[in-house]
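The next block is data_15.cif, given as mmCIF, N, CA and C atoms.
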data_target
#
loop_
_atom_site.label_atom_id
_atom_site.label_comp_id
_atom_site.auth_asym_id
_atom_site.auth_seq_id
_atom_site.Cartn_x
_atom_site.Cartn_y
_atom_site.Cartn_z
N MET V 202 79.35 62.88 76.26
CA MET V 202 80.29 63.95 76.51
C MET V 202 79.67 64.92 77.52
N GLU V 203 80.48 65.36 78.47
CA GLU V 203 79.99 66.26 79.51
C GLU V 203 80.04 67.71 79.03
N GLN V 204 78.95 68.43 79.26
CA GLN V 204 78.90 69.83 78.88
C GLN V 204 79.17 70.68 80.10
N THR V 205 79.89 71.76 79.90
CA THR V 205 80.11 72.71 80.99
C THR V 205 79.51 74.04 80.59
N HIS V 206 78.89 74.70 81.54
CA HIS V 206 78.28 76.00 81.30
C HIS V 206 79.00 77.03 82.13
N THR V 207 79.21 78.19 81.54
CA THR V 207 79.89 79.26 82.23
C THR V 207 78.94 80.43 82.39
N LEU V 208 78.88 80.96 83.58
CA LEU V 208 78.05 82.11 83.87
C LEU V 208 78.92 83.36 83.85
N HIS V 209 78.52 84.35 83.09
CA HIS V 209 79.25 85.61 83.01
C HIS V 209 78.39 86.71 83.63
N ILE V 210 78.94 87.44 84.59
CA ILE V 210 78.22 88.52 85.25
C ILE V 210 78.98 89.82 85.01
N ASP V 211 78.29 90.78 84.44
CA ASP V 211 78.87 92.10 84.20
C ASP V 211 78.70 92.92 85.47
N LEU V 212 79.73 92.93 86.32
CA LEU V 212 79.64 93.63 87.60
C LEU V 212 79.41 95.12 87.43
N ALA V 213 79.92 95.69 86.36
CA ALA V 213 79.74 97.12 86.14
C ALA V 213 78.28 97.48 85.87
N ALA V 214 77.49 96.49 85.45
CA ALA V 214 76.08 96.73 85.15
C ALA V 214 75.20 96.69 86.41
N ILE V 215 75.77 96.27 87.53
CA ILE V 215 75.00 96.20 88.78
C ILE V 215 75.00 97.59 89.41
N PRO V 216 73.83 98.14 89.68
CA PRO V 216 73.77 99.48 90.27
C PRO V 216 74.48 99.53 91.63
N ASP V 217 75.05 100.69 91.96
CA ASP V 217 75.78 100.86 93.22
C ASP V 217 74.93 100.47 94.42
N PHE V 218 73.65 100.89 94.46
CA PHE V 218 72.82 100.59 95.63
C PHE V 218 72.64 99.10 95.80
N ARG V 219 72.58 98.34 94.70
CA ARG V 219 72.40 96.89 94.80
C ARG V 219 73.69 96.23 95.28
N ARG V 220 74.84 96.72 94.79
CA ARG V 220 76.12 96.17 95.26
C ARG V 220 76.32 96.43 96.74
N GLU V 221 75.90 97.60 97.20
CA GLU V 221 76.00 97.92 98.63
C GLU V 221 75.10 97.01 99.46
N GLU V 222 73.90 96.73 98.96
CA GLU V 222 73.00 95.80 99.67
C GLU V 222 73.63 94.42 99.77
N LEU V 223 74.21 93.96 98.68
CA LEU V 223 74.85 92.64 98.68
C LEU V 223 76.04 92.61 99.64
N ALA V 224 76.82 93.68 99.65
CA ALA V 224 77.97 93.76 100.56
C ALA V 224 77.53 93.76 102.01
N LYS V 225 76.46 94.50 102.32
CA LYS V 225 75.96 94.54 103.69
C LYS V 225 75.49 93.15 104.14
N GLY V 226 74.82 92.44 103.23
CA GLY V 226 74.37 91.08 103.55
C GLY V 226 75.54 90.14 103.79
N ALA V 227 76.56 90.25 102.95
CA ALA V 227 77.75 89.41 103.11
C ALA V 227 78.46 89.71 104.42
N LEU V 228 78.55 91.00 104.78
CA LEU V 228 79.19 91.39 106.03
C LEU V 228 78.41 90.86 107.23
N ALA V 229 77.08 90.98 107.18
CA ALA V 229 76.24 90.49 108.29
C ALA V 229 76.41 88.98 108.47
N LEU V 230 76.45 88.25 107.36
CA LEU V 230 76.63 86.80 107.43
C LEU V 230 78.00 86.45 108.00
N THR V 231 79.03 87.16 107.56
CA THR V 231 80.39 86.92 108.05
C THR V 231 80.46 87.19 109.55
N GLU V 232 79.84 88.27 110.00
CA GLU V 232 79.83 88.58 111.43
C GLU V 232 79.11 87.48 112.22
N GLN V 233 78.02 86.97 111.67
CA GLN V 233 77.29 85.88 112.34
C GLN V 233 78.16 84.64 112.47
N VAL V 234 78.81 84.28 111.38
CA VAL V 234 79.64 83.07 111.38
C VAL V 234 80.77 83.20 112.39
N PHE V 235 81.46 84.35 112.39
CA PHE V 235 82.59 84.52 113.29
C PHE V 235 82.18 84.73 114.75
N SER V 236 80.90 84.94 115.00
CA SER V 236 80.45 85.05 116.38
C SER V 236 80.20 83.68 117.01
N MET V 237 80.23 82.63 116.19
CA MET V 237 80.03 81.26 116.70
C MET V 237 81.29 80.82 117.44
N PRO V 238 81.11 80.11 118.55
CA PRO V 238 82.27 79.63 119.30
C PRO V 238 83.19 78.76 118.44
N GLY V 239 84.47 79.07 118.46
CA GLY V 239 85.47 78.27 117.75
C GLY V 239 85.65 78.64 116.28
N ALA V 240 84.81 79.52 115.75
CA ALA V 240 84.90 79.85 114.33
C ALA V 240 86.22 80.54 114.00
N GLU V 241 86.64 81.46 114.82
CA GLU V 241 87.89 82.18 114.57
C GLU V 241 89.08 81.21 114.60
N GLU V 242 89.07 80.30 115.56
CA GLU V 242 90.16 79.33 115.67
C GLU V 242 90.19 78.41 114.44
N ARG V 243 89.03 77.94 113.99
CA ARG V 243 88.98 77.09 112.80
C ARG V 243 89.46 77.85 111.58
N TYR V 244 89.07 79.10 111.46
CA TYR V 244 89.50 79.93 110.34
C TYR V 244 91.02 80.11 110.35
N GLN V 245 91.58 80.43 111.51
CA GLN V 245 93.02 80.65 111.61
C GLN V 245 93.79 79.37 111.27
N ALA V 246 93.28 78.20 111.69
CA ALA V 246 93.93 76.93 111.37
C ALA V 246 93.87 76.67 109.86
N TRP V 247 92.72 76.95 109.26
CA TRP V 247 92.56 76.80 107.81
C TRP V 247 93.52 77.74 107.08
N LEU V 248 93.60 78.98 107.53
CA LEU V 248 94.45 79.98 106.88
C LEU V 248 95.92 79.57 106.96
N LYS V 249 96.34 79.08 108.10
CA LYS V 249 97.73 78.64 108.28
C LYS V 249 98.05 77.50 107.31
N GLU V 250 97.15 76.53 107.20
CA GLU V 250 97.36 75.41 106.29
C GLU V 250 97.35 75.86 104.84
N ARG V 251 96.47 76.77 104.50
CA ARG V 251 96.38 77.29 103.13
C ARG V 251 97.68 77.99 102.74
N ARG V 252 98.19 78.82 103.64
CA ARG V 252 99.45 79.52 103.35
C ARG V 252 100.62 78.55 103.21
N ALA V 253 100.64 77.52 104.05
CA ALA V 253 101.70 76.52 103.95
C ALA V 253 101.60 75.78 102.62
N LYS V 254 100.39 75.47 102.21
CA LYS V 254 100.20 74.77 100.93
C LYS V 254 100.63 75.67 99.77
N GLN V 255 100.33 76.95 99.84
CA GLN V 255 100.74 77.88 98.80
C GLN V 255 102.27 77.96 98.71
N LYS V 256 102.94 77.96 99.86
CA LYS V 256 104.40 78.00 99.87
C LYS V 256 104.97 76.73 99.25
N ARG V 257 104.37 75.57 99.61
CA ARG V 257 104.84 74.30 99.04
C ARG V 257 104.66 74.29 97.52
N THR V 258 103.54 74.78 97.06
CA THR V 258 103.25 74.81 95.63
C THR V 258 104.21 75.75 94.91
N ALA V 259 104.48 76.91 95.52
CA ALA V 259 105.39 77.88 94.91
C ALA V 259 106.80 77.29 94.80
N ARG V 260 107.23 76.59 95.83
CA ARG V 260 108.57 75.98 95.81
C ARG V 260 108.64 74.88 94.75
N ALA V 261 107.56 74.13 94.60
CA ALA V 261 107.55 73.01 93.65
C ALA V 261 107.55 73.50 92.20
N THR V 262 107.08 74.71 91.94
CA THR V 262 107.02 75.21 90.57
C THR V 262 108.27 75.98 90.15
N ARG V 263 109.23 76.11 91.04
CA ARG V 263 110.47 76.82 90.69
C ARG V 263 111.36 76.02 89.84
#
Would you kindly transcribe this structure into structure tokens?
Amino acid sequence: MEQTHTLHIDLAAIPDFRREELAKGALALTEQVFSMPGAEERYQAWLKERRAKQKRTARATR
């Protein structure tokens, strides 16, 4: 039998300064990724497909 483990993180227990450090790191990484040639175009294509899939799913569940 397969076991699954769940990780629970109490976000309220993370000090503000640590959350800000994590956010700054995430922002820097995002800026790096989007500075790569073609990244914005790939993201926009992915986003368009994701939205279309969400619409199809919403219609199918009605």
Based on DSSP run over this structure's backbone, return all residues of chain V in helix (DSSP H, G or I), as a PyMOL selection string. chain V and resi 212-214+217-235+240-261
One-decimal distance in Å that lies between CA of Glu241 (chain V) and CA of Gln255 (chain V):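 Atom-to-atom, CA of Gln255 (chain V) and CA of Glu241 (chain V) are spaced 20.8 Å apart.
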Quick one: pull the distance between CA of Leu248 (chain V) and CA of Phe235 (chain V), Å, one decimal.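 Going from CA of Leu248 (chain V) over to CA of Phe235 (chain V) covers 14.2 Å.
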Length of the CA of Gln245 (chain V) to CA of Arg260 (chain V) vector [Å]: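 Taking CA of Gln245 (chain V) and CA of Arg260 (chain V), their separation equals 22.7 Å.
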With C-alpha atoms retained, output chain V as an mmCIF file, in the first residue's frame.
data_model
loop_
_atom_site.group_PDB
_atom_site.id
_atom_site.type_symbol
_atom_site.label_atom_id
_atom_site.label_comp_id
_atom_site.auth_asym_id
_atom_site.auth_seq_id
_atom_site.Cartn_x
_atom_site.Cartn_y
_atom_site.Cartn_z
ATOM 1 C CA MET V 202 0.000 0.000 0.000
ATOM 2 C CA GLU V 203 1.301 3.446 -0.921
ATOM 3 C CA GLN V 204 1.708 5.982 1.868
ATOM 4 C CA THR V 205 1.228 9.682 1.316
ATOM 5 C CA HIS V 206 2.712 12.339 3.537
ATOM 6 C CA THR V 207 1.343 15.822 3.914
ATOM 7 C CA LEU V 208 3.436 18.796 4.908
ATOM 8 C CA HIS V 209 1.669 21.497 6.916
ATOM 9 C CA ILE V 210 3.266 24.948 7.176
ATOM 10 C CA ASP V 211 1.915 27.532 9.584
ATOM 11 C CA LEU V 212 2.491 30.685 7.526
ATOM 12 C CA ALA V 213 1.475 32.907 10.423
ATOM 13 C CA ALA V 214 4.419 31.521 12.415
ATOM 14 C CA ILE V 215 6.950 32.773 9.833
ATOM 15 C CA PRO V 216 8.380 36.126 10.927
ATOM 16 C CA ASP V 217 7.665 39.100 8.641
ATOM 17 C CA PHE V 218 11.361 39.662 7.858
ATOM 18 C CA ARG V 219 11.737 36.041 6.701
ATOM 19 C CA ARG V 220 8.630 36.226 4.498
ATOM 20 C CA GLU V 221 9.970 39.415 2.933
ATOM 21 C CA GLU V 222 13.311 37.709 2.231
ATOM 22 C CA LEU V 223 11.512 34.804 0.572
ATOM 23 C CA ALA V 224 9.366 37.177 -1.488
ATOM 24 C CA LYS V 225 12.419 39.141 -2.635
ATOM 25 C CA GLY V 226 14.108 35.908 -3.714
ATOM 26 C CA ALA V 227 11.022 34.775 -5.608
ATOM 27 C CA LEU V 228 10.752 38.158 -7.331
ATOM 28 C CA ALA V 229 14.435 38.117 -8.335
ATOM 29 C CA LEU V 230 14.067 34.610 -9.783
ATOM 30 C CA THR V 231 10.910 35.599 -11.680
ATOM 31 C CA GLU V 232 12.663 38.644 -13.133
ATOM 32 C CA GLN V 233 15.585 36.451 -14.221
ATOM 33 C CA VAL V 234 13.316 33.932 -15.908
ATOM 34 C CA PHE V 235 11.304 36.578 -17.762
ATOM 35 C CA SER V 236 14.482 38.286 -18.952
ATOM 36 C CA MET V 237 15.332 35.187 -21.019
ATOM 37 C CA PRO V 238 14.531 35.473 -24.727
ATOM 38 C CA GLY V 239 11.117 34.006 -25.537
ATOM 39 C CA ALA V 240 10.069 33.507 -21.911
ATOM 40 C CA GLU V 241 7.253 36.051 -22.056
ATOM 41 C CA GLU V 242 5.908 34.540 -25.284
ATOM 42 C CA ARG V 243 5.994 31.000 -23.836
ATOM 43 C CA TYR V 244 4.238 32.215 -20.698
ATOM 44 C CA GLN V 245 1.515 34.003 -22.673
ATOM 45 C CA ALA V 246 0.931 30.869 -24.807
ATOM 46 C CA TRP V 247 0.705 28.738 -21.661
ATOM 47 C CA LEU V 248 -1.677 31.230 -20.040
ATOM 48 C CA LYS V 249 -3.943 31.302 -23.095
ATOM 49 C CA GLU V 250 -4.140 27.499 -23.151
ATOM 50 C CA ARG V 251 -4.740 27.328 -19.399
ATOM 51 C CA ARG V 252 -7.626 29.787 -19.611
ATOM 52 C CA ALA V 253 -9.141 27.890 -22.534
ATOM 53 C CA LYS V 254 -8.875 24.645 -20.583
ATOM 54 C CA GLN V 255 -10.540 26.261 -17.559
ATOM 55 C CA LYS V 256 -13.414 27.453 -19.754
ATOM 56 C CA ARG V 257 -13.825 23.975 -21.255
ATOM 57 C CA THR V 258 -13.846 22.424 -17.790
ATOM 58 C CA ALA V 259 -16.360 24.964 -16.483
ATOM 59 C CA ARG V 260 -18.690 24.291 -19.420
ATOM 60 C CA ALA V 261 -18.395 20.526 -18.948
ATOM 61 C CA THR V 262 -19.392 20.730 -15.267
ATOM 62 C CA ARG V 263 -22.610 22.673 -15.884
#
